[in-house]
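Have a look at work_12.cif; it's mmCIF, C-alpha atoms:
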```cif
data_upload
#
loop_
_atom_site.label_atom_id
_atom_site.label_comp_id
_atom_site.auth_asym_id
_atom_site.auth_seq_id
_atom_site.Cartn_x
_atom_site.Cartn_y
_atom_site.Cartn_z
CA ASP B 18 51.65 16.77 -8.18
CA LEU B 19 54.21 19.54 -8.34
CA TYR B 20 54.01 21.81 -11.33
CA PHE B 21 55.24 25.15 -12.56
CA HIS B 22 54.17 27.32 -15.45
CA ASP B 23 55.79 30.70 -15.27
CA GLN B 24 58.85 32.65 -14.29
CA ARG B 25 57.50 33.27 -10.78
CA ALA B 26 57.46 29.52 -10.14
CA ARG B 27 53.86 29.12 -9.09
CA TRP B 28 53.75 25.67 -7.52
CA GLY B 29 50.99 23.23 -6.81
CA LEU B 30 51.04 21.37 -3.53
CA SER B 31 49.87 17.88 -2.68
CA ALA B 32 49.80 15.47 0.22
CA SER B 33 52.24 13.05 -1.42
CA GLU B 34 54.57 13.06 1.61
CA ALA B 35 51.73 12.07 3.95
CA ILE B 36 50.80 9.17 1.67
CA LEU B 37 54.41 8.04 1.55
CA PHE B 38 54.63 7.20 5.29
CA PRO B 39 52.36 4.10 5.27
CA ILE B 40 53.85 3.06 1.89
CA LEU B 41 57.36 2.99 3.39
CA VAL B 42 56.44 1.13 6.59
CA GLY B 43 54.00 -1.29 4.95
CA LEU B 44 55.76 -2.30 1.73
CA THR B 45 59.14 -3.72 0.80
CA PHE B 46 61.70 -1.63 -1.09
CA PRO B 47 60.78 -2.96 -4.59
CA GLN B 48 57.05 -2.75 -3.84
CA ALA B 49 57.32 0.89 -2.70
CA VAL B 50 59.42 2.00 -5.68
CA TRP B 51 57.45 0.20 -8.35
CA GLY B 52 54.10 0.94 -6.71
CA VAL B 53 54.67 4.71 -6.63
CA THR B 54 56.23 4.80 -10.10
CA VAL B 55 53.38 2.86 -11.69
CA ALA B 56 50.79 4.95 -9.84
CA ILE B 57 52.35 8.20 -11.10
CA ALA B 58 52.53 6.76 -14.62
CA ILE B 59 48.83 5.87 -14.56
CA ALA B 60 47.89 9.28 -13.11
CA SER B 61 49.92 11.07 -15.80
CA ILE B 62 48.52 9.02 -18.66
CA ALA B 63 45.00 9.66 -17.36
CA ARG B 64 45.51 13.39 -17.88
CA PRO B 65 45.56 13.82 -21.67
CA ARG B 66 46.24 17.57 -21.50
CA LEU B 67 49.66 16.95 -19.99
CA ALA B 68 52.50 17.22 -22.47
CA LEU B 69 54.48 14.01 -22.98
CA SER B 70 57.61 15.69 -21.60
CA ARG B 71 55.82 16.48 -18.36
CA LYS B 72 54.45 12.94 -18.04
CA LEU B 73 57.93 11.48 -18.41
CA PHE B 74 59.38 14.04 -16.02
CA ASN B 75 56.76 13.27 -13.35
CA ILE B 76 57.43 9.54 -13.59
CA GLY B 77 61.20 9.95 -13.39
CA GLU B 78 61.01 12.56 -10.64
CA TYR B 79 58.82 10.54 -8.30
CA GLY B 80 60.53 7.25 -9.15
CA CYS B 81 63.98 8.58 -8.20
CA ALA B 82 62.74 10.35 -5.08
CA VAL B 83 60.79 7.38 -3.71
CA ALA B 84 63.75 5.06 -4.39
CA ALA B 85 65.98 7.27 -2.23
CA ALA B 86 63.34 7.43 0.51
CA ALA B 87 62.75 3.67 0.49
CA LEU B 88 66.50 3.04 0.69
CA ILE B 89 66.81 5.23 3.79
CA TRP B 90 63.90 3.42 5.43
CA GLU B 91 65.40 0.06 4.48
CA LEU B 92 68.70 1.00 6.13
CA LEU B 93 67.46 2.84 9.23
CA GLY B 94 63.88 1.73 9.85
CA ASP B 95 62.67 -0.68 12.51
CA SER B 96 61.09 -3.75 10.94
CA SER B 97 58.99 -4.55 14.03
CA ALA B 98 55.24 -4.19 13.99
CA VAL B 99 55.39 -1.40 16.58
CA PHE B 100 55.91 2.16 15.37
CA SER B 101 58.83 2.98 17.66
CA PRO B 102 60.64 6.34 18.00
CA ARG B 103 63.36 4.90 15.79
CA SER B 104 60.80 4.07 13.13
CA ALA B 105 59.31 7.55 13.37
CA ALA B 106 62.73 9.20 13.02
CA ALA B 107 63.72 6.98 10.09
CA SER B 108 60.43 7.57 8.27
CA VAL B 109 60.64 11.34 8.77
CA LEU B 110 64.21 11.36 7.41
CA ALA B 111 63.11 9.27 4.43
CA VAL B 112 60.18 11.57 3.66
CA LEU B 113 62.35 14.68 4.05
CA THR B 114 64.73 13.17 1.49
CA PHE B 115 61.82 12.46 -0.84
CA SER B 116 60.53 16.02 -0.51
CA PHE B 117 63.97 17.55 -0.99
CA LEU B 118 64.64 15.54 -4.14
CA THR B 119 61.27 16.28 -5.74
CA HIS B 120 61.71 20.00 -5.15
CA LEU B 121 65.33 19.85 -6.24
CA LEU B 122 64.48 18.11 -9.52
CA VAL B 123 61.61 20.46 -10.35
CA SER B 124 63.71 23.51 -9.48
CA ALA B 125 66.52 22.19 -11.67
CA ALA B 126 64.09 21.69 -14.56
CA PHE B 127 62.75 25.18 -13.97
CA GLY B 128 66.26 26.62 -14.17
CA LEU B 129 67.25 24.57 -17.21
CA ALA B 130 64.12 25.75 -19.01
CA GLY B 131 65.45 29.29 -18.75
CA LEU B 132 62.58 30.49 -16.57
CA GLY B 133 64.70 31.69 -13.67
CA SER B 134 67.79 30.77 -11.75
CA PHE B 135 67.99 27.53 -9.80
CA LEU B 136 68.37 29.24 -6.40
CA VAL B 137 65.58 31.74 -7.09
CA ALA B 138 63.25 28.85 -7.92
CA LEU B 139 64.11 27.12 -4.65
CA ARG B 140 63.62 30.30 -2.61
CA THR B 141 60.28 30.94 -4.28
CA VAL B 142 58.84 27.57 -3.35
CA ALA B 143 60.36 27.33 0.15
CA PRO B 144 57.63 29.08 2.25
CA SER B 145 54.59 27.28 0.81
CA ALA B 146 56.43 23.96 0.51
CA GLY B 147 57.56 24.21 4.14
CA TRP B 148 54.02 24.50 5.47
CA ASN B 149 52.86 21.75 3.15
CA LEU B 150 55.66 19.45 4.32
CA ALA B 151 55.05 20.11 8.02
CA GLY B 152 51.36 19.25 7.71
CA SER B 153 52.09 16.16 5.64
CA ILE B 154 54.67 14.86 8.13
CA VAL B 155 52.32 15.20 11.10
CA VAL B 156 49.45 13.50 9.28
CA GLY B 157 51.79 10.91 7.77
CA LEU B 158 53.16 9.86 11.16
CA PHE B 159 49.61 9.19 12.33
CA PHE B 160 48.96 7.23 9.14
CA ALA B 161 52.04 5.05 9.63
CA ALA B 162 51.29 4.34 13.29
CA ALA B 163 47.65 3.56 12.53
CA TYR B 164 48.58 1.29 9.61
CA LEU B 165 51.00 -0.79 11.71
CA ALA B 166 48.44 -1.05 14.50
CA GLY B 167 45.76 -2.22 12.08
CA SER B 168 45.96 -2.28 8.30
CA TRP B 169 42.19 -1.75 8.06
CA THR B 170 42.72 1.90 9.11
CA VAL B 171 43.81 2.65 5.55
CA VAL B 172 40.13 3.18 4.71
CA LEU B 173 40.15 6.24 7.02
CA PHE B 174 43.08 7.94 5.28
CA PRO B 175 41.21 9.66 2.39
CA LEU B 176 39.36 12.16 4.62
CA PRO B 177 42.42 13.90 6.15
CA LEU B 178 44.20 13.66 2.80
CA MET B 179 41.33 15.49 1.13
CA ALA B 180 41.44 18.15 3.82
CA LEU B 181 45.18 18.62 3.24
CA TYR B 182 44.79 18.71 -0.51
CA PHE B 183 41.95 21.23 -0.69
CA GLY B 184 43.53 23.41 2.01
CA TYR B 185 46.82 23.71 0.17
CA ARG B 186 45.13 24.14 -3.20
CA ALA B 187 43.16 27.04 -1.71
CA VAL B 188 46.43 28.67 -0.63
CA VAL B 189 47.88 28.24 -4.12
CA ARG B 190 44.75 29.64 -5.80
CA GLN B 191 44.71 32.63 -3.48
CA GLU B 192 48.36 33.39 -4.21
CA GLY B 193 47.79 32.95 -7.93
CA GLU B 194 44.81 35.30 -7.92
CA ARG B 195 46.78 37.90 -5.95
CA GLU B 196 49.56 37.80 -8.54
CA ARG B 197 47.08 38.08 -11.39
CA VAL B 198 45.32 41.10 -9.84
CA GLU B 199 48.68 42.81 -9.35
CA SER B 200 49.62 42.07 -12.95
CA LEU B 201 46.26 43.37 -14.20
CA HIS B 202 46.85 46.64 -12.36
CA SER B 203 50.36 46.81 -13.76
CA ALA B 204 49.16 46.32 -17.34
CA SER B 205 46.39 48.90 -16.84
CA ARG B 206 48.87 51.41 -15.42
CA ALA B 207 51.08 50.91 -18.46
CA LEU B 208 48.25 52.15 -20.67
CA ALA B 209 47.92 55.35 -18.65
CA ALA B 210 51.64 55.89 -18.06
CA SER B 211 52.42 57.51 -21.41
CA MET B 212 50.65 59.83 -23.83
CA ASP B 213 52.61 58.05 -26.59
CA LEU B 214 50.31 55.27 -27.78
CA ASP B 215 53.27 53.23 -29.07
CA LEU B 216 54.93 53.21 -25.63
CA ALA B 217 51.65 52.59 -23.83
CA MET B 218 50.85 49.61 -26.05
CA GLU B 219 54.33 48.18 -25.59
CA GLY B 220 54.03 48.23 -21.78
CA PHE B 221 50.48 46.88 -21.92
CA VAL B 222 51.33 43.95 -24.21
CA GLY B 223 54.36 43.09 -22.08
CA GLY B 224 52.15 42.99 -18.99
CA ALA B 225 49.58 40.81 -20.75
CA ARG B 226 52.32 38.37 -21.75
CA GLU B 227 53.47 38.00 -18.15
CA ILE B 228 49.94 37.54 -16.77
CA VAL B 229 49.19 34.49 -18.90
CA SER B 230 52.78 33.19 -18.87
CA ALA B 231 53.11 33.31 -22.64
CA TRP B 232 56.33 33.35 -24.62
CA GLU B 233 54.93 36.08 -26.85
CA ALA B 234 51.92 38.40 -26.84
CA ARG B 235 50.43 40.57 -29.57
CA ALA B 236 47.78 43.27 -29.61
CA VAL B 237 46.07 43.89 -32.94
CA ILE B 238 43.94 47.03 -33.20
CA LYS B 239 42.03 48.83 -35.93
CA LEU B 240 43.13 52.45 -35.86
CA ASP B 241 42.51 55.16 -38.46
CA ASN B 242 41.52 52.67 -41.17
CA ARG B 243 44.64 50.61 -40.51
CA VAL B 244 45.18 47.30 -38.70
CA LEU B 245 48.26 47.58 -36.47
CA CYS B 246 50.06 45.00 -34.31
CA THR B 247 52.29 45.46 -31.24
CA THR B 248 54.42 42.45 -30.24
CA VAL B 249 56.48 41.68 -27.11
CA ASP B 250 58.20 38.35 -26.41
CA GLN B 251 60.03 36.66 -23.53
CA ASP B 252 63.46 37.72 -24.81
CA GLY B 253 62.47 41.38 -24.69
CA THR B 254 62.13 41.66 -28.47
CA LYS B 255 59.50 44.30 -29.30
CA ALA B 256 57.75 45.47 -32.46
CA ARG B 257 55.72 48.65 -32.16
CA MET B 258 52.41 49.04 -34.00
CA GLN B 259 53.34 47.62 -37.36
CA PRO B 260 50.73 47.04 -40.11
CA VAL B 261 49.28 43.54 -40.17
CA MET B 262 50.20 42.01 -43.49
CA ASP B 263 50.56 38.23 -43.04
CA TRP B 264 47.62 36.00 -43.84
CA PRO B 265 47.39 34.02 -40.55
CA MET B 266 46.94 37.25 -38.53
CA VAL B 267 44.32 38.54 -40.98
CA PHE B 268 42.54 35.17 -40.97
CA LEU B 269 42.46 35.15 -37.16
CA MET B 270 40.89 38.63 -37.18
CA GLU B 271 38.18 37.40 -39.56
CA LYS B 272 37.60 34.30 -37.44
CA LEU B 273 37.22 36.34 -34.25
CA GLU B 274 34.85 38.74 -35.99
CA MET B 275 32.64 35.76 -36.83
CA GLU B 276 33.00 33.88 -33.52
CA ARG B 277 33.04 36.97 -31.22
CA GLU B 278 34.49 34.84 -28.41
CA ALA B 279 37.86 33.52 -27.26
CA ILE B 280 39.69 30.94 -29.36
CA ILE B 281 42.09 28.52 -27.65
CA VAL B 282 44.18 26.11 -29.70
CA ARG B 283 46.33 23.81 -27.60
CA GLU B 284 49.32 21.74 -28.61
CA ASP B 285 48.39 18.54 -30.48
CA ALA B 286 44.66 19.30 -30.10
CA GLY B 287 42.71 18.22 -33.15
CA SER B 288 40.51 21.02 -34.53
CA GLU B 289 39.83 22.92 -37.72
CA LEU B 290 42.40 25.50 -36.54
CA SER B 291 45.11 22.98 -35.63
CA ALA B 292 47.38 24.23 -38.43
CA LEU B 293 47.08 27.89 -37.40
CA PRO B 294 49.59 27.84 -34.48
CA GLY B 295 52.33 26.62 -36.81
CA GLN B 296 51.47 29.36 -39.31
CA LEU B 297 51.79 31.89 -36.48
CA GLY B 298 55.18 30.44 -35.49
CA ALA B 299 53.84 28.78 -32.34
CA THR B 300 52.61 25.47 -30.94
CA SER B 301 49.57 26.84 -29.07
CA PHE B 302 47.75 30.13 -28.59
CA VAL B 303 44.80 31.92 -27.02
CA ALA B 304 43.13 34.85 -28.79
CA VAL B 305 40.31 37.09 -27.55
CA PRO B 306 38.41 39.73 -29.55
CA LEU B 307 38.42 43.41 -28.55
CA LEU B 308 34.75 44.31 -28.47
CA ASP B 309 33.54 47.91 -28.80
CA ASP B 310 29.77 47.67 -28.50
CA ASP B 311 28.89 45.33 -31.38
CA ALA B 312 32.10 45.76 -33.33
CA VAL B 313 35.35 43.77 -33.13
CA VAL B 314 38.10 46.40 -33.19
CA GLY B 315 41.03 44.03 -32.78
CA TYR B 316 42.24 41.18 -30.62
CA LEU B 317 44.77 40.09 -28.02
CA LEU B 318 46.89 37.06 -28.85
CA ALA B 319 49.14 35.04 -26.51
CA LEU B 320 51.46 32.46 -28.10
CA ASN B 321 53.22 29.45 -26.53
CA ARG B 322 52.54 28.89 -22.84
CA ILE B 323 55.75 28.92 -20.77
CA GLY B 324 56.20 25.68 -18.83
CA ALA B 325 54.21 22.48 -18.87
CA GLU B 326 50.63 23.79 -18.66
CA ASP B 327 48.41 24.53 -21.66
CA PHE B 328 46.42 27.73 -22.10
CA ALA B 329 43.04 27.47 -20.38
CA GLU B 330 39.73 29.30 -20.08
CA ALA B 331 41.09 31.29 -17.11
CA ASP B 332 43.74 32.81 -19.39
CA ALA B 333 41.08 33.81 -21.91
CA ARG B 334 39.03 35.51 -19.18
CA VAL B 335 42.05 37.50 -18.01
CA LEU B 336 42.82 38.61 -21.56
CA GLN B 337 39.19 39.60 -22.05
CA ALA B 338 39.38 41.81 -18.95
CA LEU B 339 42.56 43.39 -20.28
CA GLY B 340 40.93 43.85 -23.68
CA ALA B 341 38.09 45.84 -22.12
CA GLU B 342 40.70 48.14 -20.51
CA LEU B 343 42.45 48.58 -23.86
CA VAL B 344 39.23 49.50 -25.66
CA LEU B 345 38.48 52.17 -23.04
CA THR B 346 42.00 53.56 -23.44
CA LEU B 347 41.68 53.71 -27.22
CA HIS B 348 38.49 55.73 -26.81
CA SER B 349 40.21 58.24 -24.56
#
```

Is it possible to express this structure as structure tokens?
Amino acid sequence: DLYFHDQRARWGLSASEAILFPILVGLTFPQAVWGVTVAIAIASIARPRLALSRKLFNIGEYGCAVAAAALIWELLGDSSAVFSPRSAAASVLAVLTFSFLTHLLVSAAFGLAGLGSFLVALRTVAPSAGWNLAGSIVVGLFFAAAYLAGSWTVVLFPLPLMALYFGYRAVVRQEGERERVESLHSASRALAASMDLDLAMEGFVGGAREIVSAWEARAVIKLDNRVLCTTVDQDGTKARMQPVMDWPMVFLMEKLEMEREAIIVREDAGSELSALPGQLGATSFVAVPLLDDDAVVGYLLALNRIGAEDFAEADARVLQALGAELVLTLHS
């Protein structure tokens, strides 16, 4: 399904348009609308890590879009058993409408969430979505023609769908990794850009926040027998190297010194630390220790993932790589 999780509108791609072709030509209007809506509902419920808001949004998004597509097919499609040029044109128009509405709704949600303007979100997704749509239309037309010629051909559909899915996911992963590498370099350059440790830490923490798409990031370091914290949030609010006084931050330091590995607490996840996000003024967080040989000399903390995705192990690994850079900088 389509998803976003940061201000650069990184989007997942799927073969939903290709699947829609045989659904439109083989089912009635009510069957198509209810079938797709129920299928999306089941798929969303089966993914417990999805926030309830995202589950409801997915159901409403796909339900509205498939209703519009099915209506176009109902009005313009050829009801004969032969997949005529008229049927092909009507099905392509219906699927284009479906694709436009799904992207429109997600882009609107993206804009309303304050993560970027509506038009910027649309422009960001256009290149990758265009290639995805072209491939799905070509494959979908073959699906529709094959289904009308013989409904048994539906058993052959999964193979090309899997090829489409994994191909587009590879493109998305590659783009995501490229952005992360660029952000890692940017955060590392921030450390070396100023001889003023306060300024260097501010740029570094801001870069770390962007990399993991967090609302707020903090770097806690032990320096000259003091424990200091630098904070940067999405609104641009910054706090330079202030002493750590509040108990939740001190407790997290002690926990990381004992665990010596990343701690991820997601929204509504039951664990012994489930109360800690609220005490930190957040709903979820990821924290990684700063390791200097055998000693924990601080930690990096990212609070509240922007968008609908939770923090994951990949975010912890990125923060650990950044933490190693920070420790080297503190030495120098």

Quick one: residues within 6 Å of Val303 of chain B, only C-alpha atoms counted, chain neighbours fewer than 3 positions away excluded, as a PyMOL selection string?
chain B and resi 280-281+318-319

Which residues are near segment 105-112 of chain B? Cut-off 7 Å, only C-alpha atoms, ignore same chain within fewer than 4 positions. Put them as a VMD selection string.
chain B and resid 34 38 86 to 87 89 to 90 93 to 94 100 to 101 116 154 158

Tell me which residues the PyMOL selection byres ((chain B and resi 336-339) around 8) grabs here, as a list in words.
Leu201, Ala204, Ser205, Ala225, Val305, Pro306, Leu307, Leu317, Asp332, Ala333, Arg334, Val335, Gly340, Ala341, Glu342 and Leu343 of chain B

What's around Val99 of chain B at 10 Å? Count all atoms listed in the file, leave out sequence neighbours fewer than 4 positions away in its own chain, and write the answer as a list in words.
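Close residues of Val99 of chain B: Asp95, Ser104, Ala162, Leu165 and Ala166 of chain B.
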
For a test of reading the model, state the distance in Å between atom CA of Ala207 of chain B and atom CA of Arg226 of chain B, rounded to one decimal.
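Computed distance, atom CA of Ala207 of chain B to atom CA of Arg226 of chain B, equals 13.0 Å.
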
Evaluate the PyMOL selection byres ((chain B and resi 67-83) around 8) and report residues as a PyMOL selection string
chain B and resi 49-51+53-54+57-58+61-62+64-66+84-87+114-116+118-119+122-123+325-327

Specify as an NGL selection string each residue included when the PyMOL selection byres ((chain B and resi 265) around 9) is applied to this file.
:B and (262-264 or 266-270 or 293-294 or 296-297)

Any chance you could export the current selection's C-alpha atoms as a PDB file, in the frame of the given file?
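Output file again26.pdb follows:
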```pdb
ATOM      1  CA  MET B 262      50.200  42.010 -43.490  1.00  0.00           C
ATOM      2  CA  ASP B 263      50.560  38.230 -43.040  1.00  0.00           C
ATOM      3  CA  TRP B 264      47.620  36.000 -43.840  1.00  0.00           C
ATOM      4  CA  MET B 266      46.940  37.250 -38.530  1.00  0.00           C
ATOM      5  CA  VAL B 267      44.320  38.540 -40.980  1.00  0.00           C
ATOM      6  CA  PHE B 268      42.540  35.170 -40.970  1.00  0.00           C
ATOM      7  CA  LEU B 269      42.460  35.150 -37.160  1.00  0.00           C
ATOM      8  CA  MET B 270      40.890  38.630 -37.180  1.00  0.00           C
ATOM      9  CA  LEU B 293      47.080  27.890 -37.400  1.00  0.00           C
ATOM     10  CA  PRO B 294      49.590  27.840 -34.480  1.00  0.00           C
ATOM     11  CA  GLN B 296      51.470  29.360 -39.310  1.00  0.00           C
ATOM     12  CA  LEU B 297      51.790  31.890 -36.480  1.00  0.00           C
TER      13      LEU B 297
END
```

Nearest to Ser230 of chain B, chosen from B:Met258, B:Val155, B:Ala329, B:Leu273, with all atoms listed in the file counted in the distances:
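Smallest separation from Ser230 of chain B among the options: B:Ala329.
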
Show me the residues close to (58.3, 50.9, -28.8) - anything with an atom within 9 Å, counting all atoms listed in the file - and format the list as a ChimeraX atom specification.
/B:215-220,247,255-258

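The coordinates place atom CA of Tyr182 of chain B at 15.6 Å from atom CA of Phe160 of chain B.
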
Rank nothing, just name the residue among B:Arg322, B:Phe221, B:Met212, B:Ala161 nearest to Ser349 of chain B, using only C-alpha atoms.
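Ranking B:Arg322, B:Phe221, B:Met212, B:Ala161 by distance to Ser349 of chain B, first place goes to B:Met212.
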
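Here the question is which of B:Ala180, B:Glu233, B:Val314, B:Thr346 gets nearest to Ala209 of chain B using all atoms listed in the file, and that residue is B:Thr346.
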
Quick one: distance from atom CA of Leu37 of chain B to atom CA of Arg190 of chain B in Å, one decimal?
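Rounded to one decimal, the two atoms are 24.8 Å apart.
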
Residues near Val171 of chain B, anyone? I mean within 9 Å using all atoms listed in the file, not counting same-chain ones fewer than 6 positions away, as a PDB file with C-alpha atoms, in the coordinates of the input.
```pdb
ATOM      1  CA  PRO B  39      52.360   4.100   5.270  1.00  0.00           C
ATOM      2  CA  PHE B 160      48.960   7.230   9.140  1.00  0.00           C
ATOM      3  CA  ALA B 163      47.650   3.560  12.530  1.00  0.00           C
ATOM      4  CA  TYR B 164      48.580   1.290   9.610  1.00  0.00           C
TER       5      TYR B 164
END
```

Can you pull out every residue within 6 Å of Ile238 of chain B, counting all atoms listed in the file, but drop anything in the same chain fewer than 6 positions away, and send it as a list in words?
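That gives Val244, Leu245, Val314 and Gly315 of chain B.
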